[in-house]
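Visitor: Got a structure for you, run.pdb, holding PDB, C-alpha atoms.
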MODEL        1
ATOM      1  CA  MET A1142      85.157  17.267 229.573  1.00  0.00           C
ATOM      2  CA  LEU A1143      81.964  18.173 227.716  1.00  0.00           C
ATOM      3  CA  SER A1144      79.996  15.479 225.880  1.00  0.00           C
ATOM      4  CA  ARG A1145      77.088  16.184 223.557  1.00  0.00           C
ATOM      5  CA  LEU A1146      74.700  13.240 223.200  1.00  0.00           C
ATOM      6  CA  PHE A1147      71.710  13.060 220.853  1.00  0.00           C
ATOM      7  CA  SER A1148      68.692  10.784 220.724  1.00  0.00           C
ATOM      8  CA  ASP A1149      65.218  10.790 219.263  1.00  0.00           C
ATOM      9  CA  TYR A1150      62.188  10.480 221.490  1.00  0.00           C
ATOM     10  CA  GLU A1151      59.425   9.567 219.055  1.00  0.00           C
ATOM     11  CA  ASN A1152      58.842   6.398 221.076  1.00  0.00           C
ATOM     12  CA  TYR A1153      59.143   7.999 224.500  1.00  0.00           C
ATOM     13  CA  ALA A1154      56.248   9.793 226.148  1.00  0.00           C
ATOM     14  CA  ASP A1155      58.577  11.952 228.209  1.00  0.00           C
ATOM     15  CA  PRO A1156      62.346  11.560 227.849  1.00  0.00           C
ATOM     16  CA  ASP A1157      64.117  11.484 231.174  1.00  0.00           C
ATOM     17  CA  ILE A1158      67.821  12.261 231.585  1.00  0.00           C
ATOM     18  CA  SER A1159      68.427   9.615 234.241  1.00  0.00           C
ATOM     19  CA  LYS A1160      66.798   6.866 232.134  1.00  0.00           C
ATOM     20  CA  PHE A1161      68.737   8.003 229.051  1.00  0.00           C
ATOM     21  CA  LEU A1162      72.055   7.875 230.900  1.00  0.00           C
ATOM     22  CA  GLN A1163      71.276   4.631 232.697  1.00  0.00           C
ATOM     23  CA  THR A1164      70.319   2.910 229.438  1.00  0.00           C
ATOM     24  CA  ASN A1165      73.118   4.271 227.263  1.00  0.00           C
ATOM     25  CA  LEU A1166      75.917   4.120 229.806  1.00  0.00           C
ATOM     26  CA  GLY A1167      74.656   0.728 230.964  1.00  0.00           C
ATOM     27  CA  PHE A1168      75.439  -0.951 227.634  1.00  0.00           C
ATOM     28  CA  ILE A1169      79.074  -1.091 228.734  1.00  0.00           C
ATOM     29  CA  ASP A1170      78.076  -3.722 231.313  1.00  0.00           C
ATOM     30  CA  ASN A1171      77.219  -6.162 228.500  1.00  0.00           C
ATOM     31  CA  VAL A1172      79.117  -4.923 225.432  1.00  0.00           C
ATOM     32  CA  GLY A1173      82.890  -4.654 225.588  1.00  0.00           C
ATOM     33  CA  LEU A1174      85.057  -2.018 223.954  1.00  0.00           C
ATOM     34  CA  ASP A1175      86.918  -3.333 220.915  1.00  0.00           C
ATOM     35  CA  ASP A1176      90.347  -1.668 220.925  1.00  0.00           C
ATOM     36  CA  ILE A1177      92.014  -1.769 224.343  1.00  0.00           C
ATOM     37  CA  THR A1178      95.777  -1.559 224.898  1.00  0.00           C
ATOM     38  CA  ALA A1179      97.922  -0.987 227.977  1.00  0.00           C
ATOM     39  CA  THR A1180      97.826   2.788 227.405  1.00  0.00           C
ATOM     40  CA  SER A1181      94.583   3.525 225.547  1.00  0.00           C
ATOM     41  CA  VAL A1182      90.999   2.554 224.857  1.00  0.00           C
ATOM     42  CA  ASN A1183      89.716   3.492 221.410  1.00  0.00           C
ATOM     43  CA  TYR A1184      86.134   3.695 220.202  1.00  0.00           C
ATOM     44  CA  LYS A1185      85.593   1.483 217.144  1.00  0.00           C
ATOM     45  CA  GLN A1186      82.171   2.549 215.821  1.00  0.00           C
ATOM     46  CA  ASN A1187      80.005   0.285 218.010  1.00  0.00           C
ATOM     47  CA  ALA A1188      76.722   2.168 218.376  1.00  0.00           C
ATOM     48  CA  LEU A1189      75.976   0.560 221.747  1.00  0.00           C
ATOM     49  CA  THR A1190      79.145   1.945 223.346  1.00  0.00           C
ATOM     50  CA  TYR A1191      79.124   5.357 221.616  1.00  0.00           C
ATOM     51  CA  VAL A1192      77.657   7.312 224.544  1.00  0.00           C
ATOM     52  CA  TYR A1193      79.923   5.624 227.077  1.00  0.00           C
ATOM     53  CA  SER A1194      83.000   6.193 224.905  1.00  0.00           C
ATOM     54  CA  ASN A1195      82.230   9.895 224.552  1.00  0.00           C
ATOM     55  CA  ALA A1196      81.260  10.564 228.151  1.00  0.00           C
ATOM     56  CA  VAL A1197      83.446   8.454 230.428  1.00  0.00           C
ATOM     57  CA  ARG A1198      87.162   8.025 231.105  1.00  0.00           C
ATOM     58  CA  ALA A1199      88.824   5.543 233.469  1.00  0.00           C
ATOM     59  CA  THR A1200      89.300   8.278 236.073  1.00  0.00           C
ATOM     60  CA  THR A1201      85.833   9.870 235.761  1.00  0.00           C
ATOM     61  CA  THR A1202      84.142  10.016 239.157  1.00  0.00           C
ATOM     62  CA  GLU A1203      81.602  12.814 238.611  1.00  0.00           C
ATOM     63  CA  ILE A1204      79.155  13.570 235.805  1.00  0.00           C
ATOM     64  CA  GLY A1205      76.451  16.205 235.502  1.00  0.00           C
ATOM     65  CA  CYS A1206      73.991  16.461 232.622  1.00  0.00           C
ATOM     66  CA  THR A1207      71.151  18.566 231.287  1.00  0.00           C
ATOM     67  CA  LEU A1208      68.482  17.642 228.740  1.00  0.00           C
ATOM     68  CA  LYS A1209      66.885  19.799 226.036  1.00  0.00           C
ATOM     69  CA  LYS A1210      63.934  18.671 223.905  1.00  0.00           C
ATOM     70  CA  CYS A1211      63.724  20.054 220.370  1.00  0.00           C
ATOM     71  CA  ASP A1212      62.376  19.472 216.872  1.00  0.00           C
ATOM     72  CA  ILE A1213      65.020  19.084 214.179  1.00  0.00           C
ATOM     73  CA  GLY A1214      63.656  18.900 210.663  1.00  0.00           C
ATOM     74  CA  GLY A1215      60.356  17.532 211.918  1.00  0.00           C
ATOM     75  CA  PHE A1216      61.990  14.871 214.091  1.00  0.00           C
ATOM     76  CA  LYS A1217      61.414  14.958 217.824  1.00  0.00           C
ATOM     77  CA  MET A1218      64.871  14.887 219.367  1.00  0.00           C
ATOM     78  CA  PHE A1219      66.557  15.577 222.620  1.00  0.00           C
ATOM     79  CA  ILE A1220      70.104  16.523 223.308  1.00  0.00           C
ATOM     80  CA  ALA A1221      71.963  15.906 226.523  1.00  0.00           C
ATOM     81  CA  TYR A1222      75.030  17.907 227.470  1.00  0.00           C
ATOM     82  CA  CYS A1223      77.192  16.266 230.110  1.00  0.00           C
ATOM     83  CA  LEU A1224      80.201  17.571 232.001  1.00  0.00           C
ATOM     84  CA  THR A1225      82.637  15.343 233.854  1.00  0.00           C
ATOM     85  CA  ASN A1226      85.497  16.056 236.211  1.00  0.00           C
ATOM     86  CA  GLN A1227      87.991  15.083 233.478  1.00  0.00           C
ATOM     87  CA  PRO A1228      89.712  17.272 230.846  1.00  0.00           C
TER      88      PRO A1228
ENDMDL
END
Translate the structure of the given file into structure tokens.
Guide:
Amino acid sequence: MLSRLFSDYENYADPDISKFLQTNLGFIDNVGLDDITATSVNYKQNALTYVYSNAVRATTTEIGCTLKKCDIGGFKMFIAYCLTNQP
């Protein structure tokens, strides 16, 4: 599965992929997902769990990511592309 994750880095001296993933995937430790049934977990627009919901599945055991810095309309941004071992 391919996930495309965006963030700005105006407030970061040097964005780092491991810090980005640790911070954004780490929100799931403190913020629960809202719509969980016996057969599915659905993302319900909670900004803190957006990255986790787009990048991880229950059976995901491997993830690899790359980071690209860019300027978009005058805003300093970075984009992370992540691949997992899930379809």
Visitor: Written as a list in words, which residues does the PyMOL selection byres ((chain A and resi 1158) around 8) give for the file shown?
Guide: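 Selection result, ordered by chain and number: Pro1156, Asp1157, Ser1159, Lys1160, Phe1161, Leu1162, Cys1206, Thr1207, Leu1208 and Ala1221 of chain A.
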Visitor: Mind checking which residues fall within 7 Å of A:Tyr1193, counting all atoms listed in the file, ignoring those fewer than 2 positions away in the same chain, and posting them as an mmCIF file with C-alpha atoms, keeping the file's coordinate frame?
Guide:
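What follows is the written file selection.cif:
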data_model
loop_
_atom_site.group_PDB
_atom_site.id
_atom_site.type_symbol
_atom_site.label_atom_id
_atom_site.label_comp_id
_atom_site.auth_asym_id
_atom_site.auth_seq_id
_atom_site.Cartn_x
_atom_site.Cartn_y
_atom_site.Cartn_z
ATOM 1 C CA ASN A 1165 73.118 4.271 227.263
ATOM 2 C CA LEU A 1166 75.917 4.120 229.806
ATOM 3 C CA ILE A 1169 79.074 -1.091 228.734
ATOM 4 C CA THR A 1190 79.145 1.945 223.346
ATOM 5 C CA TYR A 1191 79.124 5.357 221.616
ATOM 6 C CA ASN A 1195 82.230 9.895 224.552
ATOM 7 C CA ALA A 1196 81.260 10.564 228.151
ATOM 8 C CA VAL A 1197 83.446 8.454 230.428
#
Visitor: Have a look at atom CA of A:Cys1223 and atom CA of A:Gly1205 and let me know their distance in Å, one decimal.
Guide: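 Interatomic distance, atom CA of A:Cys1223 to atom CA of A:Gly1205: 5.4 Å.
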Visitor: Assuming 5 Å of padding per side, give the centre and edge lengths of the axis-aligned box around every listed atom of stretch 1190-1197 of chain A, in Å to one decimal and as AutoDock Vina command-line options.
Guide:
--center_x 80.6 --center_y 6.3 --center_z 226.0 --size_x 15.8 --size_y 18.6 --size_z 18.8
Visitor: Quick check, in Å to one decimal: how far apart do atom CA of A:Val1172 and atom CA of A:Thr1202 lie?
Guide: 20.9 Å
Visitor: Would you work out the distance separating atom CA of A:Met1218 from atom CA of A:Gly1173, expressed in Å to one decimal?
Guide: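 Separating atom CA of A:Met1218 from atom CA of A:Gly1173 is a distance of 27.3 Å.
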Visitor: Could you list, as a ChimeraX atom specification, every residue within 10 Å of A:Asn1226, counting all atoms listed in the file and ignoring same-chain residues fewer than 3 positions away?
Guide: /A:1142-1143,1197-1198,1200-1205
Visitor: Could you give me, as a short mmCIF file (atom, residue, chain, number, x, y, z; two decimals) with C-alpha atoms, in the coordinates of the input, the residues within 9 Å of A:Asn1183, counting all atoms listed in the file and dropping anything in the same chain fewer than 5 positions from it?
Guide:
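Below is the file that was written, selection18.cif:
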data_model
loop_
_atom_site.label_atom_id
_atom_site.label_comp_id
_atom_site.auth_asym_id
_atom_site.auth_seq_id
_atom_site.Cartn_x
_atom_site.Cartn_y
_atom_site.Cartn_z
CA LEU A 1174 85.06 -2.02 223.95
CA ASP A 1175 86.92 -3.33 220.92
CA ASP A 1176 90.35 -1.67 220.92
CA ILE A 1177 92.01 -1.77 224.34
CA THR A 1178 95.78 -1.56 224.90
CA SER A 1194 83.00 6.19 224.90
#
Visitor: Taking all atoms listed in the file into account, which of A:Lys1209, A:Phe1219, A:Pro1228, A:Ala1199 comes nearest A:Thr1180?
Guide: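 Smallest distance to A:Thr1180 is found for A:Ala1199.
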